[in-house]
Every structure is written in structure tokens, then in C-alpha cells.
file protein.pdb (PDB, C-alpha atoms)
ATOM      1  CA  MET W   1      71.148 159.400 111.175
ATOM      2  CA  ALA W   2      67.441 158.943 111.712
ATOM      3  CA  GLN W   3      65.947 161.376 114.123
ATOM      4  CA  GLY W   4      64.460 160.504 117.345
ATOM      5  CA  THR W   5      62.808 157.156 117.708
ATOM      6  CA  TRP W   6      64.631 153.860 117.888
ATOM      7  CA  ASN W   7      62.643 151.557 115.759
ATOM      8  CA  PRO W   8      62.865 148.039 117.099
ATOM      9  CA  THR W   9      61.008 146.439 114.241
ATOM     10  CA  TYR W  10      63.842 145.798 111.860
ATOM     11  CA  THR W  11      63.446 143.446 109.027
ATOM     12  CA  SER W  12      65.436 140.287 109.528
ATOM     13  CA  GLN W  13      67.749 141.355 106.768
ATOM     14  CA  GLU W  14      68.549 144.605 108.384
ATOM     15  CA  ALA W  15      69.008 143.003 111.690
ATOM     16  CA  MET W  16      71.617 140.525 110.700
ATOM     17  CA  GLY W  17      73.574 142.928 108.572
ATOM     18  CA  GLN W  18      75.664 141.938 105.570
ATOM     19  CA  ALA W  19      77.736 139.349 107.332
ATOM     20  CA  GLY W  20      74.675 137.712 108.650
ATOM     21  CA  GLN W  21      73.161 137.577 105.208
ATOM     22  CA  GLN W  22      76.194 135.797 103.931
ATOM     23  CA  ARG W  23      76.032 133.263 106.667
ATOM     24  CA  SER W  24      72.436 132.506 106.083
ATOM     25  CA  LYS W  25      72.982 132.081 102.370
ATOM     26  CA  GLN W  26      75.731 129.598 102.908
ATOM     27  CA  LYS W  27      73.877 127.525 105.413
ATOM     28  CA  LYS W  28      73.303 124.116 103.981
ATOM     29  CA  ILE W  29      69.914 122.717 104.506
ATOM     30  CA  CYS W  30      70.091 119.095 103.621
ATOM     31  CA  ASN W  31      68.573 116.002 104.992
ATOM     32  CA  LYS W  32      71.473 113.708 104.330
ATOM     33  CA  LYS W  33      74.156 113.425 106.869
ATOM     34  CA  THR W  34      77.250 112.514 104.978
ATOM     35  CA  VAL W  35      79.914 111.129 107.202
ATOM     36  CA  LYS W  36      83.373 111.227 105.736
ATOM     37  CA  VAL W  37      85.035 107.913 106.172
ATOM     38  CA  LYS W  38      88.782 108.081 106.057
ATOM     39  CA  LYS W  39      90.027 105.248 103.974
ATOM     40  CA  THR W  40      93.297 104.379 105.559
ATOM     41  CA  GLY W  41      95.822 102.632 103.429
ATOM     42  CA  GLU W  42      94.028 103.214 100.179
ATOM     43  CA  LYS W  43      96.546 104.820  97.895
ATOM     44  CA  LYS W  44      95.773 106.084  94.464
ATOM     45  CA  THR W  45      98.219 105.297  91.737
ATOM     46  CA  PRO W  46      99.822 108.598  90.808
ATOM     47  CA  LYS W  47      98.863 109.911  87.414
ATOM     48  CA  LEU W  48     100.957 108.920  84.504
ATOM     49  CA  ARG W  49     102.042 111.846  82.413
ATOM     50  CA  LYS W  50     100.158 112.078  79.168
ATOM     51  CA  ASN W  51     103.135 111.724  76.944
ATOM     52  CA  ILE W  52     104.319 108.488  78.488
ATOM     53  CA  GLN W  53     102.977 105.499  76.600
ATOM     54  CA  PRO W  54     104.104 101.877  76.740
ATOM     55  CA  GLY W  55     107.074 101.563  74.445
ATOM     56  CA  GLN W  56     108.124 105.148  74.936
ATOM     57  CA  VAL W  57     111.789 105.873  75.207
ATOM     58  CA  LEU W  58     112.656 107.651  78.431
ATOM     59  CA  ILE W  59     115.859 109.324  79.497
ATOM     60  CA  LEU W  60     116.886 108.536  83.047
ATOM     61  CA  LEU W  61     117.983 111.611  84.936
ATOM     62  CA  ALA W  62     119.480 110.239  88.100
ATOM     63  CA  SER W  63     120.879 107.073  89.647
ATOM     64  CA  LYS W  64     123.632 104.936  88.292
ATOM     65  CA  PHE W  65     122.076 104.850  84.861
ATOM     66  CA  ARG W  66     121.600 108.530  84.342
ATOM     67  CA  GLY W  67     121.637 109.635  80.756
ATOM     68  CA  ARG W  68     120.582 106.227  79.566
ATOM     69  CA  ARG W  69     117.745 105.865  77.162
ATOM     70  CA  VAL W  70     115.364 103.153  78.256
ATOM     71  CA  VAL W  71     112.104 101.655  77.164
ATOM     72  CA  PHE W  72     109.021 102.207  79.276
ATOM     73  CA  LEU W  73     106.924  99.109  79.896
ATOM     74  CA  LYS W  74     104.136  99.934  82.266
ATOM     75  CA  GLN W  75     103.238 101.823  85.383
ATOM     76  CA  LEU W  76     103.291  99.769  88.556
ATOM     77  CA  GLU W  77     100.794 100.011  91.370
ATOM     78  CA  SER W  78     103.106 102.100  93.452
ATOM     79  CA  GLY W  79     103.178 104.679  90.692
ATOM     80  CA  LEU W  80     106.727 103.917  89.697
ATOM     81  CA  LEU W  81     107.433 103.209  86.074
ATOM     82  CA  LEU W  82     108.625  99.793  85.006
ATOM     83  CA  VAL W  83     111.458 100.209  82.595
ATOM     84  CA  THR W  84     113.994  98.058  80.818
ATOM     85  CA  GLY W  85     117.190  98.931  78.906
ATOM     86  CA  PRO W  86     116.910  96.477  77.211
ATOM     87  CA  TYR W  87     119.735  94.980  79.197
ATOM     88  CA  SER W  88     121.725  93.685  76.259
ATOM     89  CA  LEU W  89     121.801  97.116  74.665
ATOM     90  CA  ASN W  90     122.652  99.460  77.458
ATOM     91  CA  GLY W  91     123.009  97.458  80.624
ATOM     92  CA  VAL W  92     119.861  98.705  82.260
ATOM     93  CA  PRO W  93     117.910  95.807  83.757
ATOM     94  CA  VAL W  94     114.243  95.703  84.503
ATOM     95  CA  LYS W  95     113.977  98.588  86.861
ATOM     96  CA  ARG W  96     111.574 100.868  88.650
ATOM     97  CA  VAL W  97     111.870 104.562  88.061
ATOM     98  CA  ASN W  98     110.000 107.504  89.441
ATOM     99  CA  GLN W  99     108.222 109.566  86.795
ATOM    100  CA  ARG W 100     109.866 112.686  88.039
ATOM    101  CA  TYR W 101     113.312 111.338  87.385
ATOM    102  CA  CYS W 102     112.947 110.744  83.707
ATOM    103  CA  ILE W 103     112.335 112.755  80.587
ATOM    104  CA  ALA W 104     109.909 111.300  78.081
ATOM    105  CA  THR W 105     111.086 111.546  74.522
ATOM    106  CA  SER W 106     108.764 111.437  71.570
ATOM    107  CA  THR W 107     110.357 108.238  70.360
ATOM    108  CA  LYS W 108     108.331 105.103  70.682
ATOM    109  CA  VAL W 109     109.406 101.526  70.352
ATOM    110  CA  ASN W 110     107.314  98.545  69.458
ATOM    111  CA  LEU W 111     107.203  96.256  72.447
ATOM    112  CA  GLY W 112     106.472  93.256  70.285
ATOM    113  CA  GLY W 113     104.318  91.484  72.823
ATOM    114  CA  ALA W 114     106.924  91.379  75.557
ATOM    115  CA  ASP W 115     105.529  89.721  78.633
ATOM    116  CA  PHE W 116     105.888  91.808  81.730
ATOM    117  CA  LYS W 117     102.506  91.193  83.314
ATOM    118  CA  SER W 118     104.060  89.108  86.043
ATOM    119  CA  ILE W 119     106.385  91.851  87.177
ATOM    120  CA  SER W 120     104.961  93.981  89.909
ATOM    121  CA  ASP W 121     106.296  95.832  92.922
ATOM    122  CA  ALA W 122     106.747  92.526  94.704
ATOM    123  CA  TYR W 123     109.388  91.518  92.168
ATOM    124  CA  PHE W 124     111.588  94.274  93.513
ATOM    125  CA  ALA W 125     111.050  93.599  97.190
ATOM    126  CA  ARG W 126     114.175  93.078  99.198
ATOM    127  CA  GLU W 127     114.954  89.648 100.463
ATOM    128  CA  LYS W 128     114.161  89.553 104.141
ATOM    129  CA  ALA W 129     117.132  88.473 106.212
ATOM    130  CA  LYS W 130     116.550  85.408 108.301
ATOM    131  CA  LYS W 131     115.965  86.295 111.898
ATOM    132  CA  GLY W 132     117.460  84.632 114.920
ATOM    133  CA  ALA W 133     120.752  83.609 113.412
ATOM    134  CA  GLN W 134     122.632  86.228 115.383
ATOM    135  CA  THR W 135     125.465  83.951 116.280
ATOM    136  CA  GLN W 136     128.839  85.278 117.245
ATOM    137  CA  GLU W 137     130.330  84.261 113.950
ATOM    138  CA  LYS W 138     127.814  86.127 111.966
ATOM    139  CA  PHE W 139     128.151  89.180 114.099
ATOM    140  CA  PHE W 140     131.855  89.390 113.519
ATOM    141  CA  ALA W 141     131.674  88.340 109.941
ATOM    142  CA  THR W 142     133.759  90.709 107.901
ATOM    143  CA  GLU W 143     132.374  89.745 104.556
ATOM    144  CA  ALA W 144     128.748  90.479 103.987
ATOM    145  CA  PRO W 145     127.103  87.853 101.811
ATOM    146  CA  LYS W 146     127.189  89.025  98.230
ATOM    147  CA  LYS W 147     123.902  89.922  96.704
ATOM    148  CA  VAL W 148     123.723  87.991  93.512
ATOM    149  CA  LEU W 149     120.763  88.274  91.225
ATOM    150  CA  PRO W 150     119.121  84.858  91.100
ATOM    151  CA  GLN W 151     119.443  83.046  87.811
ATOM    152  CA  GLU W 152     115.712  83.019  87.267
ATOM    153  CA  LYS W 153     115.613  86.788  87.323
ATOM    154  CA  LYS W 154     118.441  86.915  84.837
ATOM    155  CA  ASP W 155     116.593  84.521  82.578
ATOM    156  CA  GLY W 156     113.427  86.485  83.030
ATOM    157  CA  GLN W 157     115.272  89.583  81.900
ATOM    158  CA  LYS W 158     116.476  87.901  78.733
ATOM    159  CA  LYS W 159     113.059  86.537  77.995
ATOM    160  CA  LEU W 160     111.485  89.916  78.463
ATOM    161  CA  ASP W 161     113.950  91.737  76.287
ATOM    162  CA  GLU W 162     113.961  89.317  73.369
ATOM    163  CA  PRO W 163     110.825  90.481  71.574
ATOM    164  CA  ILE W 164     111.705  94.101  72.145
ATOM    165  CA  VAL W 165     115.229  93.839  70.786
ATOM    166  CA  LYS W 166     114.069  91.789  67.826
ATOM    167  CA  GLY W 167     111.752  94.520  66.737
ATOM    168  CA  LEU W 168     114.357  97.239  66.841
ATOM    169  CA  ALA W 169     115.961  98.725  63.791
ATOM    170  CA  GLU W 170     119.719  99.177  63.821
ATOM    171  CA  ASP W 171     119.583 102.887  64.340
ATOM    172  CA  MET W 172     117.135 102.475  67.187
ATOM    173  CA  LYS W 173     119.515 100.029  68.815
ATOM    174  CA  SER W 174     122.371 102.480  68.662
ATOM    175  CA  TYR W 175     120.017 105.193  69.899
ATOM    176  CA  LEU W 176     119.239 103.152  72.979
ATOM    177  CA  LYS W 177     122.891 102.406  73.456
ATOM    178  CA  SER W 178     123.836 106.038  73.423
ATOM    179  CA  ARG W 179     123.516 108.314  76.370
ATOM    180  CA  PHE W 180     121.912 111.680  76.658
ATOM    181  CA  SER W 181     124.092 114.560  77.656
ATOM    182  CA  LEU W 182     123.865 118.311  77.668
ATOM    183  CA  SER W 183     126.630 120.005  75.808
ATOM    184  CA  ALA W 184     127.905 123.523  75.464
ATOM    185  CA  ARG W 185     125.137 124.876  73.294
ATOM    186  CA  THR W 186     122.212 122.757  74.349
ATOM    187  CA  PHE W 187     119.784 124.075  76.896
ATOM    188  CA  PRO W 188     116.887 121.990  78.160
ATOM    189  CA  HIS W 189     114.388 124.824  78.247
ATOM    190  CA  GLU W 190     114.872 125.251  74.540
ATOM    191  CA  MET W 191     114.927 121.600  73.674
ATOM    192  CA  LYS W 192     112.098 119.573  72.382
ATOM    193  CA  PHE W 193     112.300 116.024  73.521
TER     194      PHE W 193
ATOM    195  CA  MET L   1     117.073 111.182  98.286
ATOM    196  CA  PRO L   2     116.867 109.314  95.010
ATOM    197  CA  GLY L   3     118.782 111.883  93.057
ATOM    198  CA  GLY L   4     121.772 111.576  95.290
ATOM    199  CA  HIS L   5     124.648 110.831  93.021
ATOM    200  CA  VAL L   6     125.961 114.104  91.799
ATOM    201  CA  GLY L   7     128.596 113.652  89.239
ATOM    202  CA  TYR L   8     129.805 113.304  85.752
ATOM    203  CA  GLN L   9     129.334 109.717  84.928
ATOM    204  CA  GLY L  10     132.094 108.067  83.047
ATOM    205  CA  SER L  11     135.484 106.777  83.946
ATOM    206  CA  SER L  12     137.404 109.026  81.621
ATOM    207  CA  LEU L  13     137.290 111.963  84.015
ATOM    208  CA  LYS L  14     140.013 112.066  86.614
ATOM    209  CA  ILE L  15     137.965 113.579  89.353
ATOM    210  CA  ASN L  16     134.593 112.039  89.684
ATOM    211  CA  PRO L  17     132.522 113.870  92.282
ATOM    212  CA  SER L  18     130.502 111.134  93.846
ATOM    213  CA  VAL L  19     128.604 112.275  96.791
ATOM    214  CA  ARG L  20     126.473 109.404  97.893
ATOM    215  CA  ASN L  21     127.845 106.451  96.024
ATOM    216  CA  LYS L  22     131.247 104.939  95.756
ATOM    217  CA  GLY L  23     133.921 106.424  93.530
ATOM    218  CA  THR L  24     134.054 105.975  89.808
ATOM    219  CA  GLN L  25     131.009 104.430  88.320
ATOM    220  CA  ILE L  26     131.759 102.107  85.483
ATOM    221  CA  ALA L  27     128.785 100.881  83.498
ATOM    222  CA  PRO L  28     128.383  97.131  83.934
ATOM    223  CA  THR L  29     128.732  96.212  80.296
ATOM    224  CA  GLY L  30     131.096  99.029  79.467
ATOM    225  CA  HIS L  31     128.689 100.937  77.286
ATOM    226  CA  GLY L  32     129.671 104.505  76.581
ATOM    227  CA  THR L  33     131.784 105.831  79.389
ATOM    228  CA  ASP L  34     132.118 109.363  78.143
ATOM    229  CA  PRO L  35     131.230 112.026  80.652
ATOM    230  CA  VAL L  36     127.563 112.842  80.688
ATOM    231  CA  ARG L  37     126.233 116.143  81.879
ATOM    232  CA  LEU L  38     122.664 116.057  83.087
ATOM    233  CA  PHE L  39     122.530 119.393  84.780
ATOM    234  CA  VAL L  40     122.491 123.014  83.791
ATOM    235  CA  LYS L  41     125.365 125.123  84.991
ATOM    236  CA  GLY L  42     124.533 128.014  87.196
ATOM    237  CA  VAL L  43     126.249 130.562  89.331
ATOM    238  CA  PHE L  44     125.369 131.670  92.824
ATOM    239  CA  MET L  45     125.153 135.394  92.206
ATOM    240  CA  ALA L  46     123.923 136.882  95.429
ATOM    241  CA  TYR L  47     121.668 136.587  98.354
ATOM    242  CA  LYS L  48     118.299 138.193  98.007
ATOM    243  CA  GLY L  49     118.294 141.728  99.248
ATOM    244  CA  GLY L  50     118.324 145.364  98.452
ATOM    245  CA  LYS L  51     120.645 148.177  99.246
ATOM    246  CA  LYS L  52     120.597 147.797 102.972
ATOM    247  CA  ASN L  53     119.221 144.379 103.620
ATOM    248  CA  GLN L  54     120.335 140.907 102.865
ATOM    249  CA  VAL L  55     118.045 137.955 103.103
ATOM    250  CA  ASN L  56     120.259 134.961 103.589
ATOM    251  CA  HIS L  57     117.679 132.272 103.243
ATOM    252  CA  THR L  58     117.045 133.000  99.574
ATOM    253  CA  GLN L  59     119.764 132.865  96.984
ATOM    254  CA  LEU L  60     119.828 134.264  93.481
ATOM    255  CA  ILE L  61     121.113 131.898  90.880
ATOM    256  CA  LYS L  62     122.004 132.737  87.304
ATOM    257  CA  LEU L  63     121.537 129.721  85.083
ATOM    258  CA  GLN L  64     123.542 129.493  81.912
ATOM    259  CA  ASP L  65     121.741 130.859  78.889
ATOM    260  CA  VAL L  66     118.464 131.392  80.654
ATOM    261  CA  ASN L  67     117.863 134.994  79.785
ATOM    262  CA  SER L  68     114.194 135.696  80.176
ATOM    263  CA  LYS L  69     111.392 135.191  82.598
ATOM    264  CA  GLU L  70     109.618 132.779  80.223
ATOM    265  CA  ALA L  71     112.706 130.628  79.994
ATOM    266  CA  THR L  72     112.838 130.198  83.768
ATOM    267  CA  GLN L  73     109.462 128.455  83.770
ATOM    268  CA  PHE L  74     111.118 125.215  82.809
ATOM    269  CA  TYR L  75     113.447 125.338  85.783
ATOM    270  CA  LEU L  76     110.962 126.020  88.542
ATOM    271  CA  GLY L  77     111.069 123.309  91.113
ATOM    272  CA  LYS L  78     114.229 121.726  89.791
ATOM    273  CA  ARG L  79     116.795 120.584  92.294
ATOM    274  CA  LEU L  80     119.960 122.559  92.789
ATOM    275  CA  ALA L  81     123.234 121.312  94.143
ATOM    276  CA  TYR L  82     126.105 123.336  95.491
ATOM    277  CA  ILE L  83     129.112 121.059  95.529
ATOM    278  CA  TYR L  84     132.248 121.714  97.468
ATOM    279  CA  LYS L  85     135.297 119.852  98.553
ATOM    280  CA  ALA L  86     136.258 119.022 102.079
ATOM    281  CA  GLN L  87     139.348 117.607 103.697
ATOM    282  CA  LYS L  88     137.927 114.552 105.312
ATOM    283  CA  PRO L  89     136.369 111.894 103.164
ATOM    284  CA  ASN L  90     132.942 110.592 104.042
ATOM    285  CA  LYS L  91     131.934 106.981 104.625
ATOM    286  CA  GLU L  92     132.014 106.154 100.957
ATOM    287  CA  GLY L  93     135.411 107.734 100.541
ATOM    288  CA  SER L  94     134.303 110.861  98.744
ATOM    289  CA  ARG L  95     135.644 114.283  99.604
ATOM    290  CA  PHE L  96     132.819 116.078  97.857
ATOM    291  CA  ARG L  97     129.916 117.457  99.792
ATOM    292  CA  VAL L  98     126.625 118.864  98.586
ATOM    293  CA  ILE L  99     124.097 121.322  99.768
ATOM    294  CA  TRP L 100     120.805 120.571  98.054
ATOM    295  CA  GLY L 101     118.222 123.156  97.217
ATOM    296  CA  LYS L 102     115.593 123.976  94.702
ATOM    297  CA  VAL L 103     114.567 126.693  92.329
ATOM    298  CA  THR L 104     111.621 128.464  93.864
ATOM    299  CA  ARG L 105     110.702 131.250  91.472
ATOM    300  CA  SER L 106     112.047 133.580  88.875
ATOM    301  CA  HIS L 107     113.676 136.830  89.840
ATOM    302  CA  GLY L 108     113.258 139.827  87.592
ATOM    303  CA  ASN L 109     112.941 139.759  83.841
ATOM    304  CA  SER L 110     116.287 138.475  82.737
ATOM    305  CA  GLY L 111     116.246 134.857  83.709
ATOM    306  CA  VAL L 112     117.721 135.016  87.178
ATOM    307  CA  VAL L 113     116.131 132.594  89.527
ATOM    308  CA  ARG L 114     115.514 132.480  93.249
ATOM    309  CA  ALA L 115     116.473 129.432  95.180
ATOM    310  CA  LYS L 116     116.249 127.994  98.624
ATOM    311  CA  PHE L 117     118.703 125.526  99.948
ATOM    312  CA  LYS L 118     118.370 123.073 102.791
ATOM    313  CA  LYS L 119     121.005 125.027 104.594
ATOM    314  CA  ASN L 120     121.742 128.551 103.480
ATOM    315  CA  LEU L 121     124.667 128.724 101.138
ATOM    316  CA  PRO L 122     127.846 129.944 102.781
ATOM    317  CA  PRO L 123     129.183 133.308 101.572
ATOM    318  CA  LYS L 124     132.259 131.659 100.191
ATOM    319  CA  ALA L 125     129.953 130.153  97.589
ATOM    320  CA  LEU L 126     129.263 133.552  96.042
ATOM    321  CA  GLY L 127     130.295 133.462  92.428
ATOM    322  CA  LYS L 128     130.762 129.735  92.525
ATOM    323  CA  LYS L 129     129.110 127.160  90.359
ATOM    324  CA  VAL L 130     125.843 125.587  91.259
ATOM    325  CA  ARG L 131     124.289 122.692  89.371
ATOM    326  CA  CYS L 132     120.669 122.759  88.354
ATOM    327  CA  MET L 133     119.539 119.188  87.859
ATOM    328  CA  LEU L 134     116.849 118.267  85.379
ATOM    329  CA  TYR L 135     114.647 116.582  87.959
ATOM    330  CA  PRO L 136     111.863 116.660  89.185
ATOM    331  CA  SER L 137     110.996 116.596  85.565
ATOM    332  CA  SER L 138     107.638 117.442  84.117
ATOM    333  CA  ILE L 139     108.296 116.772  80.459
TER     334      ILE L 139
END
call {"tool": "encode", "arguments": {"input": "protein.pdb", "output": "C-alpha cells"}}
result
Amino acid sequence: MAQGTWNPTYTSQEAMGQAGQQRSKQKKICNKKTVKVKKTGEKKTPKLRKNIQPGQVLILLASKFRGRRVVFLKQLESGLLLVTGPYSLNGVPVKRVNQRYCIATSTKVNLGGADFKSISDAYFAREKAKKGAQTQEKFFATEAPKKVLPQEKKDGQKKLDEPIVKGLAEDMKSYLKSRFSLSARTFPHEMKF
Amino acid sequence: MPGGHVGYQGSSLKINPSVRNKGTQIAPTGHGTDPVRLFVKGVFMAYKGGKKNQVNHTQLIKLQDVNSKEATQFYLGKRLAYIYKAQKPNKEGSRFRVIWGKVTRSHGNSGVVRAKFKKNLPPKALGKKVRCMLYPSSI
């Protein structure tokens, strides 16, 4: 402790102490005033995993078609993956799948110029029920109208699958027909897909 | 939750635990209806705790053949399902109920894993099977 006199003439550094020095270092001196504009409704398409390429064979992990091996077509705007069985091989139609619910295998299939540009998220939108027809009959109707896939979608499916199936070798066809399953001695953390 | 249907798919099994969807699922074109297992079997070993304390909100799960800390890396974040039977069927007619959870971190050096479930697992589940699904997948 210094003897005696209280010296009021500190240097500015001494005066502010260490914390103060930190603060002054971090102070931003800039002329621009950047105003952050929140872009509402602008969603980024989630990243596609590196190992997923068009034509890749994916294994579906959940849903009705779990275990099925399907062909990846493209990533949709919503981030979901557009995928097809092909339908004639394993019964999986053109479908949207979340990346997190499939395993990408190292097997790739030649898409053969299949045309799926027209399919987007809107293709999968639910049909909006007509409003206002809340008559008594409808209210008490016991049978809900059956949801049948329109013929044009069925045809579209066939058209889409044709070039893909044509380009498949026999063993690839049976590979896509088969289902993935874990068995007694197989453990996913040791498996290479 | 998208991963809702918890079950062996395939009509050859007598009991088909279907939790969110209707009963036996038969593939539309009848392709391959053998049972398919897409989960790793695990056992609910214990609640987290030491000699005197028990922490009920964290469960310790032993996954089959996962025997080291490195091996557990694959399973982090994966969904877990504890499935049990109840008397009354639900809307879809299933008597099976699930408590969902996820693998949070590894526990120790020998492959045991810590988990947290939506609702804490009941003590009657100790020693019972738990299913570790393969999603959310990062491979």
C-alpha cells in the first residue's frame, strides 16, 4: 500500500481497472448502423446430407414402409426428400420422407432421365374439404368418403418409374424388393451402409 | 410424431404391437411380409443415482452389444420406446402403449447409455426391454 498521499491523477487505464479495459476494447466504433431486419416466413431448405445423391438407395426407418429400400429423387423445398419405390417393385409410391428417418446406403441407381421436376410439395397437399355443405345428412354420415388416389397420379407414378425400372439390373431389382432388418448378430453401430 | 408406429412389420407375427396405426400392416402389393426389426434391443437397467440417491428423471439403458463408450456415439439422440400392454384398447384398437424417450449421453466406459423419457419410466419397467430406434438418423 502506498504511503500517505492519495494521488488523484491516475492514468485512464488505471482508473478503469481491468474490467474497464475490456469494455473499452470491445466497444465498436463504426459509422454504419446496421439494422437487423427479421425476414419472416423465409425458410431455408435444410441441408441435404453429403452422402445423399439423386439415385441413392435409402432405407426407410419409420412409417408404414419401414425397412423398405427406396430410390431418392430430389430434395423438395420443404427439406423433405422425394422418394419412390419404385412402386412396381416394392409398393412404395412417390413419397416425401424426412432425412432423419432414412439411412443412406452407398448404393446408387441410375435414374435414367426420370421426370420428377413437376412434383413439388404442392403435389402432396391435402384436398381441401368443401365448406358450407354441413347438411344434416353429411353430419350423420357414417361412411366417410373414401380417399382414392386420382387416376392421373397413378399414371404419373407409372410414368415416373418406367425409366428407373428399365435401367435396373435383376439383382438391383431384388435388392429394392427386399427389406432391411436387423438380425441377431447385426448391430448398426458396427455396420457400414 | 412421424415415427409413431412401433412394431414388427409383417403379418406373420401373431402379436403385432401397433401403437398409433391400425392392427396388422399388410404391404399393399404383398411384398415381403417377414418381420422386420428396425430397432436395437435394450434393457432399462436402473435409474441414475448413487448409493443413497436416485434420480428418477434419467434412466440407464443397456443396449445390446454396445460395449464401449465409442460405440455409444452412434446411438446418441436416437429415440427410445418403452412398450407395455394395457387392458383397455385405444382408439385404433391397440392394447399397446408407449413411452417415448431419447438417448441423451453415454454413461461410463462400457456402453451403457443415459436416457430421458417424456414421462419417467415406471419402476415396474426395471429390467424390461426398451427399443432403441434407428432414427433420427445421421448416416
call {"tool": "resolve_selection", "arguments": {"input": "protein.pdb", "expression": "the PyMOL selection byres ((chain W) within 10 of (chain L))", "output": "VMD selection string"}}
result
chain W and resid 49 to 52 60 to 68 87 to 92 97 to 105 177 to 190 192 to 193
call {"tool": "axis_aligned_box", "arguments": {"input": "protein.pdb", "around": "stretch 99-117 of chain W", "padding_each_side": "3 Å", "output": "AutoDock Vina command-line options"}}
result
--center_x 107.9 --center_y 101.2 --center_z 78.7 --size_x 16.8 --size_y 29.0 --size_z 24.6
call {"tool": "closest_residue", "arguments": {"input": "protein.pdb", "among": "L:Lys119, L:Arg114, L:Lys78, L:His107", "to": "L:Gln59", "atoms": "only C-alpha atoms"}}
result
L:Arg114
call {"tool": "atom_distance", "arguments": {"input": "protein.pdb", "atom1": "atom CA of W:Leu149", "atom2": "atom CA of W:Lys95"}}
result
13.1 Å
call {"tool": "resolve_selection", "arguments": {"input": "protein.pdb", "expression": "the PyMOL selection byres ((chain L and resi 103) around 9)", "output": "count of residues only"}}
result
18
call {"tool": "closest_residue", "arguments": {"input": "protein.pdb", "among": "W:Thr107, W:Ser78, W:Ser120, W:Thr84", "to": "W:Lys47", "atoms": "all atoms listed in the file"}}
result
W:Ser78
call {"tool": "atom_distance", "arguments": {"input": "protein.pdb", "atom1": "atom CA of W:Asp115", "atom2": "atom CA of W:Tyr175"}}
result
22.9 Å
call {"tool": "closest_residue", "arguments": {"input": "protein.pdb", "among": "W:Val109, W:Val94, W:Pro54, W:Glu77", "to": "W:Leu176", "atoms": "only C-alpha atoms"}}
result
W:Val109
call {"tool": "residues_around", "arguments": {"input": "protein.pdb", "residues": "W:Pro163", "least_positions_apart": "5", "cutoff": "12 Å", "atoms": "only C-alpha atoms", "output": "JSON, numbers by chain"}}
result
{"W": [86, 109, 110, 111, 112, 113, 114, 115, 116, 157, 158, 168]}
call {"tool": "atom_distance", "arguments": {"input": "protein.pdb", "atom1": "atom CA of L:Pro123", "atom2": "atom CA of L:Arg95"}}
result
20.2 Å
call {"tool": "resolve_selection", "arguments": {"input": "protein.pdb", "expression": "the PyMOL selection byres ((chain L and resi 110) around 6)", "output": "list in words"}}
result
Asn67, Ser68, Lys69, Gly108, Asn109, Gly111 and Val112 of chain L
call {"tool": "residues_around", "arguments": {"input": "protein.pdb", "residues": "L:Val130", "least_positions_apart": "3", "cutoff": "6 Å", "atoms": "all atoms listed in the file", "output": "ChimeraX atom specification"}}
result
/L:42-43,81-82
